[in-house]
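These notes concern the structure reproduced below.
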Amino acid sequence: MEHRITTPITSEITSKLSAGDYCYITGYIYVARDAAHKRMDEALNKGEELPIPIENETIYYMGPSPVREGRPIGSAGPTTASRMDKYAPRLLDLGLKAMIGKGKRTKEVIDAVVRNKAVYFAAVGGAGALLSKCIKSSEVICYDDLGAEAIRKLYVEDFPVIVVVDSEGDNLYETAIKEFARL
């Protein structure tokens with residue numbers, strides 16, 4: 001099935017998505033990778049507020065390449081999501097509703113997705129130049145000392161993703177293997 005989604009993403013939206021669905025996201029999303037996740041976790045450990053709102057938000061695991069002339073961002077392909085797995089359950093429990101990356105997630109992340117009625121999307125790896133065309137604006141929000149790993153706020157239009165883990169815990173990576181094995 002195909003869905004057009006506008007952020008913020010809520011439980012009402014995630015409840016309509018199934019593993020394997022194609023989605024096109026329009027609206028604001030945040031970008032954060034390893035170093036930014038580590039800093040956010042350290043802030044939470046100190047009892048500090050996060051530098052971005054987290055409830056019903058979407059985080060894209062991506063580190064952009066340098067900006068191209070006339071564009072808001074350079075190539076913008078997904079980063080391997082498992083590098084954020086030790087931080088993701090905590091953010092999901094705080095209200096994060098969607099993550100975009102590539103690759104498998106741990107059982108702890110999948111359990112947190114289900115517990116919080118969230119979703120994990122995959123963006124196509126190796127298609128960063130094409131994905132960047134869906135990004136209409138990019139602004140560094142915090143941790144600018146991290147360079148490409150700073151937290152950014154993007155405005156995206158029809159950003160293509162696939163539901164990998166849905167709010168019920170169905171996992172496309174598992175179901176696709178089983179489906180292929182039956183052929």
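Going by the structure tokens order, chains are called A, B, ..., each with residues numbered from 1, while ligands are numbered from 1 in the order shown.
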
Practice task
Return as a PyMOL selection string the full set of residues in chain A whose backbone-based DSSP assignment is alpha helix (DSSP H).
Solution key: chain A and resi 11-14+34-45+88-93+107-115+128-132+172-182

Quick one: contact table of segment 101-150 of chain A to segment 31-36 of chain A, 12 Å max, nearest atom pair and distance in Å to one decimal per residue, counting only C-alpha atoms, chain and number order, as JSON lines?
{"residue": "A:Gly101", "atom": "CA", "partner": "A:Arg33", "partner_atom": "CA", "distance": 9.9}
{"residue": "A:Ile135", "atom": "CA", "partner": "A:Val31", "partner_atom": "CA", "distance": 11.7}
{"residue": "A:Ser138", "atom": "CA", "partner": "A:Val31", "partner_atom": "CA", "distance": 9.4}
{"residue": "A:Glu139", "atom": "CA", "partner": "A:Val31", "partner_atom": "CA", "distance": 9.9}
{"residue": "A:Val140", "atom": "CA", "partner": "A:Val31", "partner_atom": "CA", "distance": 9.2}
{"residue": "A:Ile141", "atom": "CA", "partner": "A:Val31", "partner_atom": "CA", "distance": 9.6}
{"residue": "A:Cys142", "atom": "CA", "partner": "A:Ala36", "partner_atom": "CA", "distance": 8.9}
{"residue": "A:Tyr143", "atom": "CA", "partner": "A:Ala36", "partner_atom": "CA", "distance": 7.1}
{"residue": "A:Asp144", "atom": "CA", "partner": "A:Ala36", "partner_atom": "CA", "distance": 9.9}
{"residue": "A:Asp145", "atom": "CA", "partner": "A:Ala36", "partner_atom": "CA", "distance": 10.3}
{"residue": "A:Leu146", "atom": "CA", "partner": "A:Ala35", "partner_atom": "CA", "distance": 7.4}
{"residue": "A:Gly147", "atom": "CA", "partner": "A:Ala35", "partner_atom": "CA", "distance": 10.2}
{"residue": "A:Ala148", "atom": "CA", "partner": "A:Arg33", "partner_atom": "CA", "distance": 9.0}
{"residue": "A:Glu149", "atom": "CA", "partner": "A:Arg33", "partner_atom": "CA", "distance": 5.8}
{"residue": "A:Ala150", "atom": "CA", "partner": "A:Ala36", "partner_atom": "CA", "distance": 6.4}

Exercise for the section: Mind giving me the straight-line distance from atom CA of Leu17 of chain A to atom CA of Gly169 of chain A in Å, one decimal? Expected result: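 One can read the atom CA of Leu17 of chain A to atom CA of Gly169 of chain A distance as 11.1 Å.
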
Dump as CSV the rows for residues of segment 90-179 of chain A within 7 Å of segment 44-62 of chain A: closest atom pair and distance in Å with one decimal, only C-alpha atoms counted, ordered by chain and rising residue number.
residue,atom,partner,partner_atom,distance
A:Leu94,CA,A:Glu55,CA,6.6
A:Gly95,CA,A:Glu55,CA,4.1
A:Leu96,CA,A:Glu55,CA,5.2
A:Lys97,CA,A:Asn56,CA,4.9
A:Ala98,CA,A:Thr58,CA,4.5
A:Met99,CA,A:Ile59,CA,5.0
A:Ile100,CA,A:Tyr60,CA,4.5
A:Gly101,CA,A:Tyr61,CA,5.2
A:Cys142,CA,A:Pro51,CA,6.9

Hey, can you spit out that residue selection with all heavy atoms as a PDB file, in the first residue's frame?
ATOM      1  N   LEU A  94      10.191   8.534  25.162  1.00  0.00           N
ATOM      2  CA  LEU A  94       9.932   9.962  25.399  1.00  0.00           C
ATOM      3  C   LEU A  94       8.975  10.557  24.360  1.00  0.00           C
ATOM      4  O   LEU A  94       8.637  11.734  24.442  1.00  0.00           O
ATOM      5  CB  LEU A  94      11.244  10.747  25.410  1.00  0.00           C
ATOM      6  CG  LEU A  94      12.141  10.481  26.615  1.00  0.00           C
ATOM      7  CD1 LEU A  94      13.500  11.135  26.420  1.00  0.00           C
ATOM      8  CD2 LEU A  94      11.476  10.981  27.891  1.00  0.00           C
ATOM      9  N   GLY A  95       8.567   9.740  23.373  1.00  0.00           N
ATOM     10  CA  GLY A  95       7.570  10.216  22.416  1.00  0.00           C
ATOM     11  C   GLY A  95       7.972  10.229  20.964  1.00  0.00           C
ATOM     12  O   GLY A  95       7.146  10.554  20.095  1.00  0.00           O
ATOM     13  N   LEU A  96       9.240   9.912  20.635  1.00  0.00           N
ATOM     14  CA  LEU A  96       9.646   9.832  19.236  1.00  0.00           C
ATOM     15  C   LEU A  96       8.723   8.850  18.521  1.00  0.00           C
ATOM     16  O   LEU A  96       8.459   7.768  19.030  1.00  0.00           O
ATOM     17  CB  LEU A  96      11.100   9.360  19.137  1.00  0.00           C
ATOM     18  CG  LEU A  96      11.699   9.241  17.740  1.00  0.00           C
ATOM     19  CD1 LEU A  96      11.840  10.621  17.088  1.00  0.00           C
ATOM     20  CD2 LEU A  96      13.056   8.543  17.796  1.00  0.00           C
ATOM     21  N   LYS A  97       8.209   9.220  17.335  1.00  0.00           N
ATOM     22  CA  LYS A  97       7.261   8.349  16.637  1.00  0.00           C
ATOM     23  C   LYS A  97       7.825   7.673  15.414  1.00  0.00           C
ATOM     24  O   LYS A  97       7.291   6.661  14.966  1.00  0.00           O
ATOM     25  CB  LYS A  97       6.018   9.138  16.211  1.00  0.00           C
ATOM     26  CG  LYS A  97       4.988   9.248  17.268  1.00  0.00           C
ATOM     27  CD  LYS A  97       4.453   7.887  17.683  1.00  0.00           C
ATOM     28  CE  LYS A  97       3.434   8.041  18.761  1.00  0.00           C
ATOM     29  NZ  LYS A  97       3.618   7.171  19.880  1.00  0.00           N
ATOM     30  N   ALA A  98       8.878   8.230  14.820  1.00  0.00           N
ATOM     31  CA  ALA A  98       9.394   7.617  13.597  1.00  0.00           C
ATOM     32  C   ALA A  98      10.896   7.808  13.489  1.00  0.00           C
ATOM     33  O   ALA A  98      11.436   8.834  13.900  1.00  0.00           O
ATOM     34  CB  ALA A  98       8.701   8.213  12.379  1.00  0.00           C
ATOM     35  N   MET A  99      11.540   6.791  12.925  1.00  0.00           N
ATOM     36  CA  MET A  99      12.964   6.817  12.651  1.00  0.00           C
ATOM     37  C   MET A  99      13.141   6.407  11.199  1.00  0.00           C
ATOM     38  O   MET A  99      12.414   5.537  10.714  1.00  0.00           O
ATOM     39  CB  MET A  99      13.704   5.824  13.554  1.00  0.00           C
ATOM     40  CG  MET A  99      13.496   6.084  15.042  1.00  0.00           C
ATOM     41  SD  MET A  99      13.900   4.620  16.043  1.00  0.00           S
ATOM     42  CE  MET A  99      12.554   3.516  15.612  1.00  0.00           C
ATOM     43  N   ILE A 100      14.099   7.032  10.524  1.00  0.00           N
ATOM     44  CA  ILE A 100      14.411   6.693   9.145  1.00  0.00           C
ATOM     45  C   ILE A 100      15.891   6.348   9.082  1.00  0.00           C
ATOM     46  O   ILE A 100      16.735   7.122   9.540  1.00  0.00           O
ATOM     47  CB  ILE A 100      14.134   7.868   8.184  1.00  0.00           C
ATOM     48  CG1 ILE A 100      12.691   8.348   8.298  1.00  0.00           C
ATOM     49  CG2 ILE A 100      14.470   7.459   6.741  1.00  0.00           C
ATOM     50  CD1 ILE A 100      12.419   9.664   7.576  1.00  0.00           C
ATOM     51  N   GLY A 101      16.209   5.201   8.531  1.00  0.00           N
ATOM     52  CA  GLY A 101      17.598   4.790   8.386  1.00  0.00           C
ATOM     53  C   GLY A 101      17.700   3.677   7.378  1.00  0.00           C
ATOM     54  O   GLY A 101      16.913   3.606   6.433  1.00  0.00           O
ATOM     55  N   CYS A 142      21.351  22.492  16.504  1.00  0.00           N
ATOM     56  CA  CYS A 142      22.261  22.453  17.655  1.00  0.00           C
ATOM     57  C   CYS A 142      23.428  21.512  17.371  1.00  0.00           C
ATOM     58  O   CYS A 142      23.409  20.775  16.398  1.00  0.00           O
ATOM     59  CB  CYS A 142      21.517  22.010  18.913  1.00  0.00           C
ATOM     60  SG  CYS A 142      20.766  20.401  18.767  1.00  0.00           S
TER      61      CYS A 142
END

Practice task
Please identify all polymer residues within 8 Å of segment 109-123 of chain A, counting only C-alpha atoms, omitting same-chain residues fewer than 4 positions from it, and present them as an MDAnalysis selection string.
Solution key: chainID A and resid 11 14:15 77:78 85 88:89 92:93 95:103 105 160:169

Practice task
Could you check how far atom CA of Tyr155 of chain A sits from atom CA of Gly70 of chain A, in Å to one decimal?
Solution key: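 Atom CA of Tyr155 of chain A sits 15.9 Å away from atom CA of Gly70 of chain A.
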
Handout entry: Backbone-only DSSP, strand (DSSP E or B) members of chain A, as number ranges by chain
Key = A: 2-6, 22-31, 58-60, 62, 78, 80, 98-102, 119-122, 135-142, 151-165, 171

Exercise for the section: Write out as a list in words each polymer residue whose atoms come within 6 Å of segment 1-8 of chain A, counting only C-alpha atoms; drop sequence neighbours fewer than 6 positions from it. Expected result: Asp21, Tyr22, Cys23, Tyr24, Ile25, Thr26, Gly27, Asn56 and Glu57 of chain A

Output file for the selection above: N, CA, C and O atoms, as a PDB file, in the first residue's frame:
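Saved to again_37.pdb:
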ATOM      1  N   ASP A  21       4.770  -1.182   3.402  1.00  0.00           N
ATOM      2  CA  ASP A  21       4.085  -0.050   2.765  1.00  0.00           C
ATOM      3  C   ASP A  21       5.094   0.990   2.292  1.00  0.00           C
ATOM      4  O   ASP A  21       6.108   1.232   2.940  1.00  0.00           O
ATOM      5  N   TYR A  22       4.778   1.609   1.162  1.00  0.00           N
ATOM      6  CA  TYR A  22       5.554   2.737   0.647  1.00  0.00           C
ATOM      7  C   TYR A  22       4.931   4.017   1.178  1.00  0.00           C
ATOM      8  O   TYR A  22       3.712   4.168   1.166  1.00  0.00           O
ATOM      9  N   CYS A  23       5.763   4.935   1.647  1.00  0.00           N
ATOM     10  CA  CYS A  23       5.258   6.200   2.182  1.00  0.00           C
ATOM     11  C   CYS A  23       6.053   7.360   1.589  1.00  0.00           C
ATOM     12  O   CYS A  23       7.234   7.223   1.265  1.00  0.00           O
ATOM     13  N   TYR A  24       5.373   8.484   1.492  1.00  0.00           N
ATOM     14  CA  TYR A  24       5.990   9.727   1.041  1.00  0.00           C
ATOM     15  C   TYR A  24       5.720  10.756   2.124  1.00  0.00           C
ATOM     16  O   TYR A  24       4.568  11.089   2.394  1.00  0.00           O
ATOM     17  N   ILE A  25       6.784  11.225   2.773  1.00  0.00           N
ATOM     18  CA  ILE A  25       6.663  12.122   3.916  1.00  0.00           C
ATOM     19  C   ILE A  25       6.852  13.570   3.463  1.00  0.00           C
ATOM     20  O   ILE A  25       7.801  13.885   2.745  1.00  0.00           O
ATOM     21  N   THR A  26       5.960  14.435   3.933  1.00  0.00           N
ATOM     22  CA  THR A  26       6.086  15.864   3.719  1.00  0.00           C
ATOM     23  C   THR A  26       6.010  16.547   5.080  1.00  0.00           C
ATOM     24  O   THR A  26       5.162  16.187   5.907  1.00  0.00           O
ATOM     25  N   GLY A  27       6.893  17.506   5.310  1.00  0.00           N
ATOM     26  CA  GLY A  27       6.887  18.253   6.561  1.00  0.00           C
ATOM     27  C   GLY A  27       8.278  18.322   7.156  1.00  0.00           C
ATOM     28  O   GLY A  27       9.277  18.034   6.495  1.00  0.00           O
ATOM     29  N   ASN A  56       6.117  12.948  18.960  1.00  0.00           N
ATOM     30  CA  ASN A  56       5.545  12.842  17.606  1.00  0.00           C
ATOM     31  C   ASN A  56       6.495  13.321  16.513  1.00  0.00           C
ATOM     32  O   ASN A  56       6.065  13.692  15.433  1.00  0.00           O
ATOM     33  N   GLU A  57       7.783  13.298  16.797  1.00  0.00           N
ATOM     34  CA  GLU A  57       8.762  13.736  15.813  1.00  0.00           C
ATOM     35  C   GLU A  57       9.375  12.555  15.073  1.00  0.00           C
ATOM     36  O   GLU A  57       9.211  11.396  15.462  1.00  0.00           O
TER      37      GLU A  57
END

Exercise for the section: Would you mind telling me which residue in A:Glu174, A:Glu108, A:Glu69, A:Glu157 lies nearest to Ala19 of chain A when using only C-alpha atoms? Expected result: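 Checking each of A:Glu174, A:Glu108, A:Glu69, A:Glu157 against Ala19 of chain A, counting only C-alpha atoms, the winner is A:Glu174.
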
Exercise for the section: Can you work out which one of A:Thr175, A:Leu154, A:Pro66, A:Glu42 has the shortest atom-to-atom distance to Tyr30 of chain A, counting only C-alpha atoms? Expected result: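 Nearest candidate to Tyr30 of chain A out of A:Thr175, A:Leu154, A:Pro66, A:Glu42: A:Leu154.
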
Practice task
Give the answer as one residue: which of A:Arg68, A:Arg90, A:Lys16, A:Lys104 has the shortest atom-to-atom distance to Asn171 of chain A, using only C-alpha atoms?
Solution key: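 Smallest separation from Asn171 of chain A among the options: A:Lys104.
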